[in-house]
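Novice: The following file, target_21.pdb, comprises PDB, C-alpha atoms and all ligand atoms:
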ATOM      1  CA  MET A 357     -17.551  18.896 -11.001
ATOM      2  CA  LEU A 358     -15.671  18.073 -14.226
ATOM      3  CA  ASP A 359     -17.243  21.117 -15.926
ATOM      4  CA  TYR A 360     -16.167  23.288 -13.038
ATOM      5  CA  VAL A 361     -12.583  22.010 -13.228
ATOM      6  CA  LEU A 362     -12.366  22.406 -17.011
ATOM      7  CA  ASN A 363     -13.655  25.979 -16.824
ATOM      8  CA  ALA A 364     -11.243  26.842 -14.034
ATOM      9  CA  ASN A 365      -8.454  25.317 -16.084
ATOM     10  CA  LYS A 366      -9.296  27.514 -19.054
ATOM     11  CA  ASP A 367      -8.957  30.619 -16.882
ATOM     12  CA  PHE A 368      -5.787  29.272 -15.320
ATOM     13  CA  THR A 369      -3.960  28.491 -18.540
ATOM     14  CA  GLN A 370      -4.844  31.890 -20.013
ATOM     15  CA  LYS A 371      -3.128  33.664 -17.133
ATOM     16  CA  PHE A 372      -0.360  31.235 -16.257
ATOM     17  CA  GLU A 373       3.133  31.819 -17.548
ATOM     18  CA  PRO A 374       4.818  28.430 -18.025
ATOM     19  CA  LYS A 375       8.418  27.995 -16.995
ATOM     20  CA  LYS A 376      10.776  25.036 -17.166
ATOM     21  CA  MET A 377      11.275  23.330 -13.812
ATOM     22  CA  SER A 378      13.269  20.309 -12.685
ATOM     23  CA  PHE A 379      11.466  17.283 -11.292
ATOM     24  CA  ILE A 380      14.256  17.024  -8.714
ATOM     25  CA  PRO A 381      12.948  18.579  -5.462
ATOM     26  CA  GLN A 382      14.958  21.760  -4.928
ATOM     27  CA  LYS A 383      14.909  21.407  -1.139
ATOM     28  CA  LYS A 384      15.871  17.686  -1.366
ATOM     29  CA  LEU A 385      12.892  16.929   0.863
ATOM     30  CA  CYS A 386      10.245  14.215   0.851
ATOM     31  CA  ILE A 387       7.104  14.646   2.985
ATOM     32  CA  VAL A 388       4.678  11.890   3.994
ATOM     33  CA  THR A 389       1.375  13.401   5.079
ATOM     34  CA  CYS A 390      -2.395  12.997   5.193
ATOM     35  CA  MET A 391      -4.912  13.555   2.410
ATOM     36  CA  ASP A 392      -6.982  15.835   4.676
ATOM     37  CA  THR A 393      -8.579  18.574   2.548
ATOM     38  CA  ARG A 394      -7.638  21.238   5.070
ATOM     39  CA  LEU A 395      -3.942  20.649   4.343
ATOM     40  CA  THR A 396      -4.376  21.590   0.676
ATOM     41  CA  GLY A 397      -2.743  24.949  -0.017
ATOM     42  CA  PHE A 398      -1.934  25.190   3.699
ATOM     43  CA  LEU A 399       0.781  22.692   4.588
ATOM     44  CA  GLU A 400       3.201  24.011   1.977
ATOM     45  CA  ASP A 401       2.829  27.614   3.153
ATOM     46  CA  ALA A 402       3.137  26.570   6.784
ATOM     47  CA  LEU A 403       6.450  24.844   5.946
ATOM     48  CA  GLY A 404       7.852  27.546   3.696
ATOM     49  CA  ILE A 405       7.994  25.322   0.633
ATOM     50  CA  GLY A 406       6.767  26.060  -2.844
ATOM     51  CA  ARG A 407       6.266  24.454  -6.236
ATOM     52  CA  GLY A 408       9.247  22.284  -7.188
ATOM     53  CA  ASP A 409      10.645  22.133  -3.646
ATOM     54  CA  ALA A 410       9.548  18.756  -2.236
ATOM     55  CA  LYS A 411       8.019  15.376  -2.971
ATOM     56  CA  ILE A 412       4.728  15.138  -1.084
ATOM     57  CA  ILE A 413       3.206  11.695  -0.567
ATOM     58  CA  LYS A 414      -0.330  11.718   0.781
ATOM     59  CA  ASN A 415      -2.726   9.060   1.940
ATOM     60  CA  ALA A 416      -5.536   8.717   4.457
ATOM     61  CA  GLY A 417      -3.985   9.322   7.868
ATOM     62  CA  ASN A 418      -0.336   9.145   6.700
ATOM     63  CA  THR A 419      -0.432   5.537   7.797
ATOM     64  CA  ASN A 420      -0.442   2.005   6.267
ATOM     65  CA  ILE A 421       2.855   2.835   4.648
ATOM     66  CA  ASP A 422       4.315  -0.621   4.163
ATOM     67  CA  ARG A 423       4.033  -0.942   0.430
ATOM     68  CA  ASP A 424       3.370   2.156  -1.550
ATOM     69  CA  VAL A 425       4.607   4.910   0.734
ATOM     70  CA  VAL A 426       7.955   3.236   1.394
ATOM     71  CA  ARG A 427       8.284   2.620  -2.349
ATOM     72  CA  SER A 428       7.698   6.312  -3.080
ATOM     73  CA  VAL A 429      10.099   7.457  -0.343
ATOM     74  CA  ALA A 430      12.721   5.050  -1.702
ATOM     75  CA  ILE A 431      12.341   6.361  -5.253
ATOM     76  CA  SER A 432      12.668   9.918  -3.912
ATOM     77  CA  ILE A 433      15.966   8.999  -2.274
ATOM     78  CA  PHE A 434      17.522   6.797  -4.939
ATOM     79  CA  LEU A 435      16.444   8.588  -8.105
ATOM     80  CA  LEU A 436      15.316  12.065  -7.087
ATOM     81  CA  GLU A 437      18.139  13.223  -4.804
ATOM     82  CA  VAL A 438      16.040  13.448  -1.634
ATOM     83  CA  GLU A 439      18.249  13.734   1.483
ATOM     84  CA  GLU A 440      15.658  14.248   4.225
ATOM     85  CA  VAL A 441      12.194  12.841   5.006
ATOM     86  CA  MET A 442       9.427  14.316   7.180
ATOM     87  CA  VAL A 443       6.350  12.413   8.333
ATOM     88  CA  ILE A 444       3.773  15.085   9.129
ATOM     89  CA  GLY A 445       0.516  14.205  10.853
ATOM     90  CA  HIS A 446      -2.116  16.726  11.842
ATOM     91  CA  THR A 447      -4.507  17.380  14.695
ATOM     92  CA  GLU A 448      -8.148  16.298  14.317
ATOM     93  CA  CYS A 449      -7.277  13.550  11.798
ATOM     94  CA  GLY A 450     -10.365  11.738  10.532
ATOM     95  CA  MET A 451      -8.457   8.458  10.598
ATOM     96  CA  ALA A 452      -8.258   8.661  14.390
ATOM     97  CA  ASN A 453     -12.010   8.440  14.747
ATOM     98  CA  ILE A 454     -12.962   5.631  12.377
ATOM     99  CA  LYS A 455     -15.791   3.493  13.686
ATOM    100  CA  PRO A 456     -15.448   0.098  11.963
ATOM    101  CA  GLU A 457     -19.197  -0.600  12.324
ATOM    102  CA  LYS A 458     -20.103   2.660  10.588
ATOM    103  CA  LEU A 459     -17.552   2.018   7.845
ATOM    104  CA  GLU A 460     -18.818  -1.516   7.259
ATOM    105  CA  LYS A 461     -22.392  -0.243   7.022
ATOM    106  CA  SER A 462     -21.387   2.389   4.488
ATOM    107  CA  MET A 463     -19.432  -0.146   2.419
ATOM    108  CA  ILE A 464     -22.343  -2.570   2.320
ATOM    109  CA  SER A 465     -24.846   0.191   1.494
ATOM    110  CA  LEU A 466     -22.674   1.139  -1.509
ATOM    111  CA  GLY A 467     -22.597  -2.388  -2.838
ATOM    112  CA  ILE A 468     -19.449  -3.928  -1.353
ATOM    113  CA  SER A 469     -19.842  -7.651  -0.668
ATOM    114  CA  SER A 470     -20.054  -8.457   3.049
ATOM    115  CA  ASP A 471     -18.245 -11.733   2.303
ATOM    116  CA  GLU A 472     -15.259  -9.733   1.059
ATOM    117  CA  ILE A 473     -15.354  -7.499   4.135
ATOM    118  CA  LYS A 474     -15.366 -10.575   6.374
ATOM    119  CA  LYS A 475     -12.110 -11.744   4.772
ATOM    120  CA  ILE A 476     -10.154  -8.732   6.041
ATOM    121  CA  ASP A 477      -9.378  -7.054   9.346
ATOM    122  CA  LEU A 478     -11.310  -3.930   8.476
ATOM    123  CA  LYS A 479      -9.634  -1.677  11.052
ATOM    124  CA  GLU A 480      -6.203  -2.722   9.859
ATOM    125  CA  TRP A 481      -7.102  -2.614   6.171
ATOM    126  CA  ILE A 482      -8.450   0.923   6.383
ATOM    127  CA  GLY A 483      -5.440   2.017   8.464
ATOM    128  CA  SER A 484      -7.426   3.413  11.367
ATOM    129  CA  ILE A 485      -5.108   5.086  13.884
ATOM    130  CA  ASP A 486      -5.441   5.319  17.655
ATOM    131  CA  ASN A 487      -3.746   8.664  18.066
ATOM    132  CA  GLU A 488      -2.282  11.234  15.645
ATOM    133  CA  GLU A 489       1.006  11.686  17.516
ATOM    134  CA  SER A 490       1.762   8.026  18.206
ATOM    135  CA  ASN A 491       0.937   7.238  14.579
ATOM    136  CA  VAL A 492       3.609   9.707  13.376
ATOM    137  CA  ILE A 493       6.181   8.131  15.697
ATOM    138  CA  ASN A 494       5.257   4.615  14.517
ATOM    139  CA  VAL A 495       5.450   5.576  10.861
ATOM    140  CA  VAL A 496       8.871   7.216  11.354
ATOM    141  CA  GLU A 497      10.094   3.991  12.960
ATOM    142  CA  LYS A 498       8.660   1.868  10.154
ATOM    143  CA  ILE A 499      10.351   3.955   7.459
ATOM    144  CA  LYS A 500      13.645   3.949   9.403
ATOM    145  CA  ASN A 501      13.487   0.193   9.821
ATOM    146  CA  SER A 502      12.770  -0.553   6.188
ATOM    147  CA  PRO A 503      15.675  -2.427   4.595
ATOM    148  CA  PHE A 504      15.258  -0.186   1.545
ATOM    149  CA  ILE A 505      15.842   3.136   3.322
ATOM    150  CA  PRO A 506      19.519   4.114   3.843
ATOM    151  CA  ASP A 507      20.548   4.629   7.487
ATOM    152  CA  HIS A 508      22.037   8.097   6.948
ATOM    153  CA  ILE A 509      18.779   9.671   5.727
ATOM    154  CA  PRO A 510      17.131  11.658   8.566
ATOM    155  CA  ILE A 511      13.463  10.758   9.066
ATOM    156  CA  HIS A 512      11.734  13.408  11.177
ATOM    157  CA  GLY A 513       8.253  13.232  12.682
ATOM    158  CA  LEU A 514       6.048  16.293  13.111
ATOM    159  CA  ILE A 515       2.464  17.213  13.750
ATOM    160  CA  ILE A 516       0.751  20.312  12.403
ATOM    161  CA  ASP A 517      -2.079  22.086  14.154
ATOM    162  CA  ILE A 518      -4.842  22.069  11.547
ATOM    163  CA  GLU A 519      -6.241  25.359  12.871
ATOM    164  CA  ASN A 520      -3.223  27.632  13.180
ATOM    165  CA  GLY A 521      -0.513  25.779  11.228
ATOM    166  CA  ALA A 522       1.904  25.515  14.160
ATOM    167  CA  LEU A 523       4.324  22.582  13.909
ATOM    168  CA  LYS A 524       5.419  20.412  16.792
ATOM    169  CA  VAL A 525       8.473  18.168  16.390
ATOM    170  CA  LEU A 526       7.871  14.625  17.653
ATOM    171  CA  VAL A 527      10.976  12.960  16.218
ATOM    172  CA  ASP A 528      14.055  15.094  15.575
ATOM    173  CA  SER A 529      16.570  13.133  13.506
ATOM    174  CA  ARG A 530      19.100  15.939  12.984
TER     175      ARG A 530
HETATM  176 ZN    ZN A 601      -5.734  13.201   8.466
END
Please lay out the structure from this file as structure tokens.
Specialist:
Amino acid sequence: MLDYVLNANKDFTQKFEPKKMSFIPQKKLCIVTCMDTRLTGFLEDALGIGRGDAKIIKNAGNTNIDRDVVRSVAISIFLLEVEEVMVIGHTECGMANIKPEKLEKSMISLGISSDEIKKIDLKEWIGSIDNEESNVINVVEKIKNSPFIPDHIPIHGLIIDIENGALKVLVDSR
């Protein structure tokens, strides 16, 4: 895969015309979303945002946000002029269907120590979610309730249909 990427990069840089851009998001927006591959090159178009417009924080299931996601949202607000946050889940999220037994088996088969696995609550550690919509609402609440997020910053919650790109608003903080 590295060869593929390096070849593609050669083609890209030959055609690409560099231009100076600010690292400040032009739409003053920070998005927290899932790492799902089907969102790549899709979510941005579905939201009408382009390169340079928004900070996009991704992880598996846009969940388990306590440490790193809140830190990144906070940096976006305090140092990068972000004025609005959107938590965007999607339909058919893989994190809603995690079977802890299957995960544990896979971890052990790839050399992870079962003693280490026993020390954690696997479902919690992996951030398995019960439902895509309720997860978005919970995550919005968690971000809102963080002592490091200013009260005046709107935190919206949305879900995108992974097939047709339609958005549904779950939490409207306007
Ligand atoms: Zn997902």
Novice: Using only C-alpha atoms and all ligand atoms, which of A:Asp367, A:Glu519, A:Glu448, A:Glu400 sits nearest ligand ZN 601 (chain A)?
Specialist: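 Going through A:Asp367, A:Glu519, A:Glu448, A:Glu400 one by one, the smallest distance to ligand ZN 601 (chain A) is for A:Glu448.
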Novice: Can you tell me which residues come within 7 Å of ligand ZN 601 (chain A) when counting only C-alpha atoms and all ligand atoms, ideally as a PyMOL selection string?
Specialist: chain A and resi 390-392+416-418+445-446+449-451
Novice: Using CA of Leu459 (chain A) and CA of Glu480 (chain A) as the two end points, give the distance in Å to one decimal.
Specialist: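 One can read the CA of Leu459 (chain A) to CA of Glu480 (chain A) distance as 12.5 Å.
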Novice: Using Å and a single decimal, report how far CA of Val496 (chain A) sits from CA of Asp528 (chain A).
Specialist: 10.3 Å
Novice: What gap, in Å, lies between CA of Asn487 (chain A) and CA of Ile454 (chain A)?
Specialist: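 Straight-line distance from CA of Asn487 (chain A) to CA of Ile454 (chain A) works out to 11.2 Å.
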Novice: Using the chain letters and numbers from the file, give me the residues hit by the PyMOL selection byres (((chain A and resi 380) around 8) and not hetatm), as a PyMOL selection string.
Specialist: chain A and resi 378-379+381-382+384+408+436-437
Novice: Please put the answer as lines of an AutoDock Vina configuration file: centre and edge lengths, in Å with one decimal, of a box along x, y and z that encloses all listed atoms of region 362-367 of chain A plus 3 Å on each side.
Specialist:
center_x = -11.1
center_y = 26.5
center_z = -16.5
size_x = 11.2
size_y = 14.2
size_z = 11.0
Novice: With only C-alpha atoms as the atoms that count, which of A:Ile444, A:Val388, A:Leu358, A:Ile482 lies nearest to Ile515 (chain A)?
Specialist: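 For Ile515 (chain A), the nearest of the given residues is A:Ile444.
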Novice: Using all atoms listed in the file, determine which residues lie at most 8 Å from Thr447 (chain A), disregarding the query and same-chain residues fewer than 5 positions distant; provide the list as a list of chain:residue names.
Specialist: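 Non-adjacent residues within range: A:Glu488, A:Ile515, A:Ile516, A:Asp517, A:Ile518.
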Novice: Could you check which of A:Asp422, A:Leu395, A:Leu523, A:Asn453 is closest to Lys500 (chain A), using only C-alpha atoms?
Specialist: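 Going through A:Asp422, A:Leu395, A:Leu523, A:Asn453 one by one, the smallest distance to Lys500 (chain A) is for A:Asp422.
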Novice: What lies within 9 Å of Gly521 (chain A) using only C-alpha atoms, ignoring chain neighbours under 6 positions off, as a PyMOL selection string?
Specialist: chain A and resi 398-399+401-403
Novice: Which of these residues is nearest to Ala410 (chain A), using all atoms listed in the file: A:Lys383, A:Arg427, A:Arg394, A:Lys498?
Specialist: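 Ranked by minimum distance to Ala410 (chain A), first place goes to A:Lys383.
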Novice: Looking at A:Ala364, A:Met377, A:Ile499, A:Leu514, which one is nearest to Asp424 (chain A), with distances taken over only C-alpha atoms?
Specialist: A:Ile499
Novice: Taking all atoms listed in the file into account, which of A:Ile413, A:Asn420, A:Leu385, A:Arg407 comes nearest Trp481 (chain A)?
Specialist: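 Ranked by minimum distance to Trp481 (chain A), first place goes to A:Asn420.
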Novice: Which residues match the PyMOL selection byres (((chain A and resi 504-507) around 9) and not hetatm) in the file above, as an mmCIF file with C-alpha atoms, in the coordinates of the input?
Specialist:
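To be explicit, this is the file written out as out_32.cif:
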data_model
loop_
_atom_site.group_PDB
_atom_site.id
_atom_site.type_symbol
_atom_site.label_atom_id
_atom_site.label_comp_id
_atom_site.auth_asym_id
_atom_site.auth_seq_id
_atom_site.Cartn_x
_atom_site.Cartn_y
_atom_site.Cartn_z
ATOM 1 C CA VAL A 426 7.955 3.236 1.394
ATOM 2 C CA ARG A 427 8.284 2.620 -2.349
ATOM 3 C CA VAL A 429 10.099 7.457 -0.343
ATOM 4 C CA ALA A 430 12.721 5.050 -1.702
ATOM 5 C CA ILE A 433 15.966 8.999 -2.274
ATOM 6 C CA ILE A 499 10.351 3.955 7.459
ATOM 7 C CA LYS A 500 13.645 3.949 9.403
ATOM 8 C CA ASN A 501 13.487 0.193 9.821
ATOM 9 C CA SER A 502 12.770 -0.553 6.188
ATOM 10 C CA PRO A 503 15.675 -2.427 4.595
ATOM 11 C CA HIS A 508 22.037 8.097 6.948
ATOM 12 C CA ILE A 509 18.779 9.671 5.727
ATOM 13 C CA PRO A 510 17.131 11.658 8.566
#
